[in-house]
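Text of the file final-v4.cif, holding mmCIF, C-alpha atoms:
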data_query
loop_
_atom_site.label_atom_id
_atom_site.label_comp_id
_atom_site.auth_asym_id
_atom_site.auth_seq_id
_atom_site.Cartn_x
_atom_site.Cartn_y
_atom_site.Cartn_z
CA MET A 1 -6.64 -36.00 -19.46
CA ASN A 2 -9.23 -34.17 -17.35
CA SER A 3 -7.90 -35.42 -14.03
CA ASN A 4 -7.66 -32.84 -11.21
CA THR A 5 -4.76 -34.70 -9.58
CA PHE A 6 -1.60 -32.60 -9.97
CA ARG A 7 1.63 -34.25 -11.10
CA MET A 8 4.73 -33.74 -8.96
CA PRO A 9 6.25 -30.81 -10.96
CA ALA A 10 3.04 -28.84 -10.57
CA ALA A 11 2.84 -29.58 -6.86
CA VAL A 12 6.38 -28.31 -6.40
CA LEU A 13 5.59 -25.13 -8.30
CA LEU A 14 2.49 -24.44 -6.28
CA ALA A 15 4.25 -25.04 -3.00
CA THR A 16 6.67 -22.25 -3.85
CA GLY A 17 4.37 -20.07 -5.96
CA ALA A 18 0.83 -18.79 -5.80
CA MET A 19 -0.42 -21.09 -3.05
CA ALA A 20 2.02 -19.51 -0.63
CA LEU A 21 0.18 -16.17 -0.72
CA LEU A 22 -1.87 -16.52 2.43
CA THR A 23 0.65 -18.56 4.36
CA ALA A 24 4.04 -17.02 3.66
CA PRO A 25 4.12 -13.96 1.38
CA PRO A 26 7.45 -13.50 -0.41
CA ALA A 27 10.00 -11.15 1.09
CA VAL A 28 9.93 -7.66 -0.37
CA ALA A 29 12.26 -4.70 -0.34
CA THR A 30 11.59 -1.83 2.05
CA GLY A 31 12.88 1.65 2.58
CA GLY A 32 15.32 0.61 5.28
CA GLY A 33 15.65 -3.09 5.79
CA GLY A 34 12.23 -4.13 7.02
CA ALA A 35 10.35 -4.04 10.25
CA GLY A 36 12.98 -6.01 12.04
CA ALA A 37 15.86 -3.71 11.08
CA GLY A 38 14.86 -0.09 10.62
CA GLY A 39 11.24 -0.16 11.71
CA GLU A 40 9.74 0.23 8.23
CA GLY A 41 6.82 -1.92 7.13
CA LYS A 42 6.70 -4.24 4.14
CA ALA A 43 4.28 -4.31 1.23
CA GLY A 44 3.97 -6.04 -2.13
CA ALA A 45 1.44 -6.60 -4.90
CA VAL A 46 1.10 -8.50 -8.16
CA VAL A 47 -1.67 -8.57 -10.78
CA LEU A 48 -1.12 -12.23 -11.75
CA ARG A 49 0.86 -15.12 -10.32
CA ALA A 50 0.96 -18.40 -12.22
CA GLY A 51 2.39 -21.78 -11.38
CA LEU A 52 1.58 -24.12 -14.26
CA ASP A 53 2.82 -27.48 -15.45
CA VAL A 54 2.66 -27.67 -19.26
CA GLY A 55 2.84 -31.08 -20.91
CA LEU A 56 4.02 -31.08 -24.51
CA LEU A 57 2.98 -33.60 -27.17
CA ASN A 58 6.50 -34.12 -28.49
CA LYS A 59 8.21 -34.47 -25.09
CA THR A 60 7.98 -36.95 -22.28
CA VAL A 61 8.73 -34.31 -19.63
CA ASP A 62 6.64 -31.37 -18.57
CA VAL A 63 7.70 -27.74 -18.88
CA PRO A 64 7.10 -25.48 -15.89
CA LEU A 65 5.53 -22.09 -16.45
CA LYS A 66 6.07 -19.97 -13.37
CA ALA A 67 5.35 -16.29 -13.85
CA THR A 68 4.53 -13.14 -11.92
CA LEU A 69 3.18 -10.16 -13.83
CA ASN A 70 3.39 -6.57 -12.59
CA GLU A 71 4.96 -7.61 -9.31
CA VAL A 72 6.07 -4.68 -7.15
CA SER A 73 7.66 -4.22 -3.75
CA ALA A 74 7.39 -1.06 -1.69
CA PRO A 75 7.74 1.62 -2.78
CA GLU A 76 6.86 0.94 -6.43
CA THR A 77 4.11 1.26 -9.02
CA ALA A 78 3.60 -0.78 -12.20
CA GLU A 79 1.07 -0.40 -14.99
CA LYS A 80 0.47 -2.84 -17.86
CA THR A 81 4.03 -4.13 -18.05
CA ALA A 82 5.31 -7.67 -18.71
CA LEU A 83 1.95 -9.24 -19.45
CA THR A 84 3.40 -11.96 -21.68
CA VAL A 85 5.76 -14.89 -21.10
CA THR A 86 7.72 -17.09 -23.47
CA LEU A 87 7.74 -20.86 -23.16
CA ASP A 88 10.02 -22.85 -25.45
CA GLY A 89 8.32 -25.45 -27.63
CA VAL A 90 4.86 -23.94 -27.26
CA GLU A 91 2.87 -22.14 -29.95
CA GLY A 92 5.82 -22.05 -32.35
CA ASN A 93 8.10 -20.53 -29.69
CA ARG A 94 6.09 -17.34 -29.83
CA PRO A 95 5.40 -15.39 -26.62
CA VAL A 96 2.32 -16.60 -24.80
CA SER A 97 0.05 -13.72 -23.85
CA VAL A 98 -0.97 -14.96 -20.42
CA LEU A 99 -2.84 -11.78 -19.50
CA ARG A 100 -4.62 -9.16 -21.56
CA ALA A 101 -6.22 -6.24 -19.75
CA ASP A 102 -7.41 -2.68 -20.20
CA VAL A 103 -6.13 -1.92 -16.71
CA ALA A 104 -3.39 -3.85 -14.93
CA THR A 105 -1.90 -1.89 -12.05
CA SER A 106 -0.10 -2.72 -8.85
CA LYS A 107 1.43 -0.43 -6.27
CA ALA A 108 3.03 -0.66 -2.86
CA ASN A 109 4.25 1.86 -0.31
CA ALA A 110 5.81 1.47 3.13
CA ASP A 111 7.43 3.65 5.80
CA LYS A 112 7.80 3.61 9.59
CA ASN A 113 4.10 4.36 10.14
CA ARG A 114 2.17 2.54 7.42
CA ALA A 115 2.54 -0.18 4.78
CA GLU A 116 -0.03 -0.77 2.06
CA ALA A 117 -0.32 -2.56 -1.27
CA GLU A 118 -2.99 -2.70 -3.96
CA ALA A 119 -3.57 -4.60 -7.22
CA ASN A 120 -6.26 -3.91 -9.83
CA LEU A 121 -7.40 -5.55 -13.06
CA ALA A 122 -10.16 -4.38 -15.41
CA LYS A 123 -11.47 -5.96 -18.60
CA ALA A 124 -8.96 -8.74 -18.20
CA SER A 125 -8.64 -12.16 -19.82
CA VAL A 126 -6.24 -14.96 -18.89
CA HIS A 127 -4.86 -17.43 -21.42
CA VAL A 128 -2.83 -20.61 -21.08
CA PRO A 129 -0.56 -22.31 -23.62
CA GLY A 130 -2.45 -24.31 -26.24
CA LEU A 131 -5.64 -22.23 -25.97
CA PRO A 132 -4.75 -18.93 -27.65
CA LEU A 133 -8.28 -18.20 -28.87
CA LEU A 134 -10.25 -19.39 -25.84
CA SER A 135 -9.83 -17.49 -22.60
CA LEU A 136 -9.25 -19.52 -19.48
CA VAL A 137 -11.12 -16.81 -17.56
CA GLU A 138 -12.42 -13.31 -18.23
CA VAL A 139 -13.25 -10.76 -15.53
CA GLU A 140 -14.68 -7.25 -15.62
CA LYS A 141 -12.87 -6.01 -12.51
CA VAL A 142 -10.93 -7.50 -9.62
CA THR A 143 -9.18 -5.64 -6.81
CA SER A 144 -7.18 -6.51 -3.71
CA LYS A 145 -5.82 -4.26 -0.99
CA ALA A 146 -3.84 -4.78 2.19
CA VAL A 147 -3.16 -2.07 4.79
CA CYS A 148 -0.89 -2.45 7.83
CA GLU A 149 -0.67 0.62 10.07
CA ALA A 150 1.36 0.88 13.24
CA GLY A 151 -0.85 0.61 16.32
CA LYS A 152 -3.86 -0.70 14.36
CA LYS A 153 -5.15 -4.09 13.28
CA PRO A 154 -4.11 -4.98 9.70
CA VAL A 155 -6.90 -4.94 7.11
CA ALA A 156 -7.25 -6.97 3.89
CA SER A 157 -9.98 -6.76 1.26
CA ALA A 158 -10.64 -8.33 -2.14
CA ASN A 159 -13.45 -7.90 -4.65
CA VAL A 160 -14.61 -9.45 -7.89
CA LEU A 161 -17.01 -7.09 -9.64
CA GLY A 162 -19.15 -7.77 -12.68
CA LYS A 163 -19.52 -10.98 -14.64
CA VAL A 164 -16.97 -13.77 -14.82
CA THR A 165 -16.61 -16.33 -17.61
CA ALA A 166 -14.39 -19.42 -17.67
CA LEU A 167 -13.64 -21.39 -20.83
CA GLY A 168 -16.30 -19.32 -22.57
CA LYS A 169 -19.04 -20.11 -20.02
CA LYS A 170 -20.57 -17.62 -17.57
CA VAL A 171 -19.79 -18.53 -13.98
CA THR A 172 -21.65 -17.61 -10.79
CA LEU A 173 -19.12 -17.45 -7.97
CA SER A 174 -19.99 -18.36 -4.40
CA ALA A 175 -18.34 -17.20 -1.18
CA GLY A 176 -19.07 -20.62 0.32
CA GLY A 177 -16.34 -22.43 -1.62
CA PRO A 178 -14.83 -23.08 -5.06
CA THR A 179 -17.01 -23.11 -8.16
CA LYS A 180 -16.19 -25.88 -10.64
CA LEU A 181 -16.65 -25.53 -14.38
CA GLU A 182 -16.11 -28.50 -16.67
CA VAL A 183 -16.12 -28.24 -20.46
CA PRO A 184 -16.01 -31.61 -22.28
CA GLY A 185 -13.01 -31.96 -24.56
CA VAL A 186 -11.33 -28.88 -23.04
CA GLY A 187 -10.89 -29.32 -19.32
CA VAL A 188 -11.86 -28.28 -15.81
CA VAL A 189 -11.42 -25.01 -13.94
CA ASP A 190 -12.09 -24.47 -10.22
CA LEU A 191 -12.62 -20.83 -9.30
CA GLU A 192 -12.30 -19.62 -5.70
CA LEU A 193 -13.54 -16.18 -4.79
CA SER A 194 -11.82 -13.47 -2.78
CA GLY A 195 -9.54 -14.93 -0.15
CA THR A 196 -8.17 -12.77 2.68
CA GLN A 197 -6.16 -13.43 5.81
CA THR A 198 -4.95 -11.19 8.64
CA THR A 199 -2.83 -11.67 11.73
CA SER A 200 -1.79 -9.22 14.43
CA THR A 201 0.97 -7.86 12.16
CA THR A 202 0.21 -8.98 8.57
CA ALA A 203 -2.54 -8.88 5.97
CA ALA A 204 -2.92 -10.64 2.60
CA ALA A 205 -5.62 -10.73 -0.06
CA ALA A 206 -6.21 -12.48 -3.39
CA ALA A 207 -9.18 -11.52 -5.55
CA LEU A 208 -9.55 -14.73 -7.57
CA ARG A 209 -7.81 -18.11 -7.46
CA LEU A 210 -8.02 -20.59 -10.34
CA LYS A 211 -7.16 -24.28 -10.21
CA VAL A 212 -6.58 -25.33 -13.79
CA SER A 213 -6.64 -28.70 -15.56
CA VAL A 214 -7.10 -28.45 -19.32
CA ASN A 215 -6.09 -30.66 -22.25
CA PRO A 216 -5.99 -28.53 -25.42
CA LEU A 217 -4.32 -31.20 -27.65
CA ASN A 218 -3.39 -28.27 -29.86
CA LEU A 219 -0.26 -26.28 -30.72
CA ASN A 220 1.95 -29.04 -29.25
CA VAL A 221 0.28 -28.75 -25.84
CA ALA A 222 -1.19 -31.92 -24.33
CA GLN A 223 -2.02 -30.81 -20.80
CA VAL A 224 -1.91 -27.71 -18.60
CA GLU A 225 -2.29 -28.04 -14.85
CA GLY A 226 -1.64 -25.74 -11.94
CA GLU A 227 -2.91 -22.59 -10.33
CA ILE A 228 -3.30 -18.93 -11.23
CA VAL A 229 -3.99 -16.10 -8.77
CA LEU A 230 -5.35 -12.74 -9.87
CA ALA A 231 -4.73 -9.48 -7.99
CA GLU A 232 -2.93 -10.25 -4.76
CA ALA A 233 -1.60 -7.83 -2.14
CA HIS A 234 0.13 -8.27 1.19
CA CYS A 235 1.75 -6.13 3.90
CA GLU A 236 3.54 -6.28 7.24
CA THR A 237 3.01 -3.73 10.01
CA PRO A 238 5.89 -1.32 10.75
CA ALA A 239 7.67 -1.90 14.04
CA GLY A 240 6.85 1.68 15.11
CA PRO A 241 9.18 4.32 16.57
CA ALA A 242 12.03 3.12 18.77
CA PRO A 243 11.63 3.73 22.51
CA SER A 244 13.19 6.97 23.78
CA SER A 245 16.55 6.71 25.55
CA ALA A 246 16.04 9.99 27.47
CA PRO A 247 15.73 9.73 31.30
CA PRO A 248 12.18 9.81 32.68
CA ALA A 249 10.73 13.24 33.41
CA ALA A 250 10.59 14.40 37.04
CA ASP A 251 7.32 13.97 38.89
CA PRO A 252 5.50 17.34 38.58
CA ASP A 253 4.09 16.94 42.11
CA VAL A 254 7.52 16.75 43.73
CA LYS A 255 9.03 20.22 44.25
CA PRO A 256 12.79 20.66 44.63
CA GLN A 257 13.96 21.85 48.07
CA THR A 258 16.87 24.08 49.03
CA GLY A 259 18.53 24.76 52.37
CA THR A 260 18.75 28.20 54.04
CA GLY A 261 20.71 27.29 57.14
CA THR A 262 24.50 27.59 57.28
CA GLY A 263 25.21 25.85 60.59
CA SER A 264 26.79 22.45 60.68
CA GLY A 265 23.67 21.04 62.32
CA ILE A 266 21.41 21.76 59.22
CA ALA A 267 21.34 19.09 56.55
CA SER A 268 21.58 20.20 52.95
CA GLY A 269 18.19 20.23 51.19
CA VAL A 270 16.12 20.98 54.32
CA THR A 271 14.28 24.31 54.61
CA THR A 272 14.16 26.12 58.00
CA ASP A 273 12.79 29.54 59.00
CA ALA A 274 13.37 29.35 62.78
CA ASN A 275 16.30 30.98 64.59
CA LEU A 276 18.25 28.63 66.78
CA ALA A 277 17.79 29.71 70.43
CA GLU A 278 20.84 27.88 71.64
CA THR A 279 23.17 30.04 69.57
CA GLY A 280 22.26 33.09 71.64
CA GLY A 281 21.94 35.36 68.69
CA GLY A 282 19.36 36.47 66.23
CA SER A 283 17.92 39.46 64.43
CA LEU A 284 15.98 40.74 67.58
CA THR A 285 18.77 40.36 70.14
CA PRO A 286 20.00 44.07 70.12
CA TYR A 287 16.45 45.40 70.61
CA VAL A 288 15.70 43.05 73.46
CA ALA A 289 18.96 43.99 75.25
CA GLY A 290 18.39 47.73 74.78
CA GLY A 291 14.84 47.50 76.16
CA ALA A 292 16.09 45.64 79.22
CA LEU A 293 18.72 48.29 79.98
CA PHE A 294 16.14 51.07 79.57
CA LEU A 295 13.75 49.43 82.02
CA LEU A 296 16.59 48.80 84.44
CA GLY A 297 17.53 52.52 84.38
CA ILE A 298 13.91 53.62 85.04
CA GLY A 299 13.76 51.25 87.98
CA GLY A 300 16.95 52.66 89.46
CA VAL A 301 15.70 56.28 89.22
CA ALA A 302 12.40 55.39 90.86
CA LEU A 303 14.17 53.62 93.72
CA LEU A 304 16.44 56.67 94.32
CA VAL A 305 13.46 59.09 94.41
CA THR A 306 11.62 56.88 96.90
CA ARG A 307 14.56 56.67 99.28
CA ARG A 308 15.04 60.49 99.25
CA GLY A 309 11.35 60.99 100.12
CA ARG A 310 11.57 58.73 103.13
CA ALA A 311 14.76 60.48 104.37
CA SER A 312 13.08 63.90 104.44
#
For this file, write the structure as structure tokens.
Amino acid sequence: MNSNTFRMPAAVLLATGAMALLTAPPAVATGGGGAGAGGEGKAGAVVLRAGLDVGLLNKTVDVPLKATLNEVSAPETAEKTALTVTLDGVEGNRPVSVLRADVATSKANADKNRAEAEANLAKASVHVPGLPLLSLVEVEKVTSKAVCEAGKKPVASANVLGKVTALGKKVTLSAGGPTKLEVPGVGVVDLELSGTQTTSTTAAAAALRLKVSVNPLNLNVAQVEGEIVLAEAHCETPAGPAPSSAPPAADPDVKPQTGTGTGSGIASGVTTDANLAETGGGSLTPYVAGGALFLLGIGGVALLVTRRGRAS
């Protein structure tokens, strides 16, 4: 019963559940229809996402346990709500406390400039059906954050702080790959540390990912297989402000021109300061004519005086 090979119901759950985090985050509500419609970004967070396949001792079929705890979509905030689920035929039909935590918060915000989401867990323990007294995993603190800001590269971060125990055993996590813990008579847990992924417009983070295969043989539970993700956050960059429909501004180096001429030979928009000689008129014409007549008179008087002198 310790096999790590998932049965078909579990595979189907995982394909549509927690494993989809870093490949296709679920759609979330936004302030105005999403980046494609109104320009707003998208953001979402959840403190725990579980996709488990629970085999019962008194049934030949498996019961799916698919749950999301404290899931929010922008703009929302959740604190320590809905940390239990109920699964018929398990533990006397009592609610199964999947998550117990001193702090379990998730929040998401999005507008036309920025979208961000964050999930936090502190002093948290995760339980699965059939093991009510033994924690599947215990963590001191895990956090995930995703920020998508218009005009900037999306950022995702995830952290696991403090000690981690799985099935009652202390675990040293490695960034190089999953850490496997096997407890004889109980089962196997693979723990994967802090996964993040970013693209040019999206970011996603998951603090801790657990691949579970346990066989409690207790409380009518024969086998539990599947995956649990702790503290995940994702976002999508806002589309940014729509381009302006106003006409382009005039070139500041090009000055408007106006025409001063009134003749039919002057094109509109052309400046001219010269008087047209061929019109025969201008502002100096009277003075020029008067001067000419004055000089002509002086010449006539001088000619008359000269002729009288010669006659005498």
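Among the candidate residues A:Thr198, A:Asn93, A:Thr86, A:Thr165, the one lying nearest to Val147 in chain A is A:Thr198, with distances computed using all atoms listed in the file.
You will find CA of Ser200 in chain A at 15.1 Å from CA of Glu116 in chain A.
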Original post:
Any idea what's packed within 8 Å of Asn70 in chain A, counting all atoms listed in the file, ignoring anything in its chain fewer than 2 positions away? Could you give it as number ranges by chain?
Top reply: A: 45-48, 68, 72, 78-83, 104-106
Using the selection just defined, write its residues with C-alpha atoms as a compact mmCIF listing (two decimals), in the coordinates of the input.
# COMPACT_ATOMS: atom_id res chain seq x y z
CA ALA A 45 1.44 -6.60 -4.90
CA VAL A 46 1.10 -8.50 -8.16
CA VAL A 47 -1.67 -8.57 -10.78
CA LEU A 48 -1.12 -12.23 -11.75
CA THR A 68 4.53 -13.14 -11.92
CA VAL A 72 6.07 -4.68 -7.15
CA ALA A 78 3.60 -0.78 -12.20
CA GLU A 79 1.07 -0.40 -14.99
CA LYS A 80 0.47 -2.84 -17.86
CA THR A 81 4.03 -4.13 -18.05
CA ALA A 82 5.31 -7.67 -18.71
CA LEU A 83 1.95 -9.24 -19.45
CA ALA A 104 -3.39 -3.85 -14.93
CA THR A 105 -1.90 -1.89 -12.05
CA SER A 106 -0.10 -2.72 -8.85
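The smallest atom-to-atom distance between Arg209 in chain A and any of A:His234, A:Lys153, A:Lys42, A:Arg49, using only C-alpha atoms, is found for A:Arg49.
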**OP:** Output the residue selection produced by the PyMOL selection byres ((chain A and resi 214) around 6) on the file above, formatted as a PyMOL selection string.
**Re:** chain A and resi 186-188+213+215+223-224
**OP:** Using the chain letters and numbering of this document, enumerate as a list in words the residues selected by the PyMOL selection byres ((chain A and resi 57-64) around 9).
**Re:** Pro9, Ala10, Leu13, Gly51, Leu52, Asp53, Val54, Gly55, Leu56, Leu65, Lys66, Leu87, Asp88, Gly89, Leu217, Asn218, Leu219, Asn220, Val221, Ala222 and Gln223 of chain A
Original post:
If the PyMOL selection byres ((chain A and resi 73) around 8) is run on the structure shown, which residues does it catch, given as a PyMOL selection string?
Top reply: chain A and resi 28-30+42-45+71-72+74-76+107-109
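Distance-wise, CA of Glu138 in chain A and CA of Val164 in chain A end up 5.7 Å apart.
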**OP:** Name the closest residue to Arg100 in chain A among the candidates A:Lys152, A:Lys123, A:Lys170, A:Lys180; distances are taken between atoms, counting all atoms listed in the file.
**Re:** A:Lys123
